Amino acid sequence: MKMVDVNTIYTSDTLKAADLQGREHTVTIASVESKEFDNGIKLVLKFFGARKSFVCNRTNGRRIAFMHGDETNGWIDKKIVLAPEMVDYRGAPVMAIRVKPAAVSDPPIKPAVQQPRAENPAAGLIGDIGF
C-alpha cells in the first residue's frame with residue numbers, strides 16, 4: 001500500500017500549526033475581517049506573501065491587540081510572529097499557532113523611503129512565504 005501524507009489530502013485555505021513546519025515566521029498583516037463560525041465570531045487575518053488566511057482565536061486576538069491596539073484597522077501593515085507551540089486543548093497536548101511580537105529594530109538614521117501600498121489589500125498575497 002502506498003504511503004500518503006494526510007495533509008496533502010485534507011488541504012485547507014486556513015493556516016494550521018503544521019504549515020509553519022516547526023519554525024517561527026514573521027508576517028505582515030494585509031487585512032483583518034470578522035467571520036461567523038459555528039462557535040462564534042472570529043477574526044480572520046490575511047498576510048502579504050501568504051496564500052492561507054489565519055483564523056485568530058481569542059488568545060491570539062488579545063495578543064495582537066496588546067501589541068498593536070484594540071482597533072483592527074490599526075493592525076494593517078503591522079508585523080507579528082507566528083510560532084508553533086504545544087498547548088493544552090481539552091486535557092491533551094496539541095500543536096497550535098501562537099502570536100508573538102516581531103523583533104523591533106533600531107530606527108533608521110535617515111527616514112526610509114515608503115513604498116506605495118497596493119490599492120487591493122489582497123494584492124501580493126500569493127506565494128512568498130510558503131503557506
# chains A, B, ... in the order shown; residues from 1 in each chain; ligands from 1
call {"tool": "residues_around", "arguments": {"residues": "segment 53-63 of chain A", "least_positions_apart": "4", "cutoff": "9 Å", "atoms": "only C-alpha atoms", "output": "PyMOL selection string"}}
result
chain A and resi 13-16+42-47+67-68+70+97-101+131
call {"tool": "select_by_dssp", "arguments": {"residues": "segment 57-102 of chain A", "states": "strand (DSSP E or B)", "output": "list in words"}}
result
Lys79, Ile80, Val81, Leu82, Ala83, Pro84, Glu85, Met86, Val87, Asp88, Tyr89, Ala92, Pro93, Val94, Met95, Ala96, Ile97, Arg98, Val99, Lys100 and Pro101 of chain A
call {"tool": "closest_residue", "arguments": {"among": "A:Arg90, A:Lys78, A:Lys52, A:His25", "to": "Ala65 of chain A", "atoms": "only C-alpha atoms"}}
result
A:Lys78
call {"tool": "atom_distance", "arguments": {"atom1": "atom CA of Gly40 of chain A", "atom2": "atom CA of Lys79 of chain A"}}
result
26.1 Å
call {"tool": "atom_distance", "arguments": {"atom1": "atom CA of Asp19 of chain A", "atom2": "atom CA of Ala96 of chain A"}}
result
10.4 Å
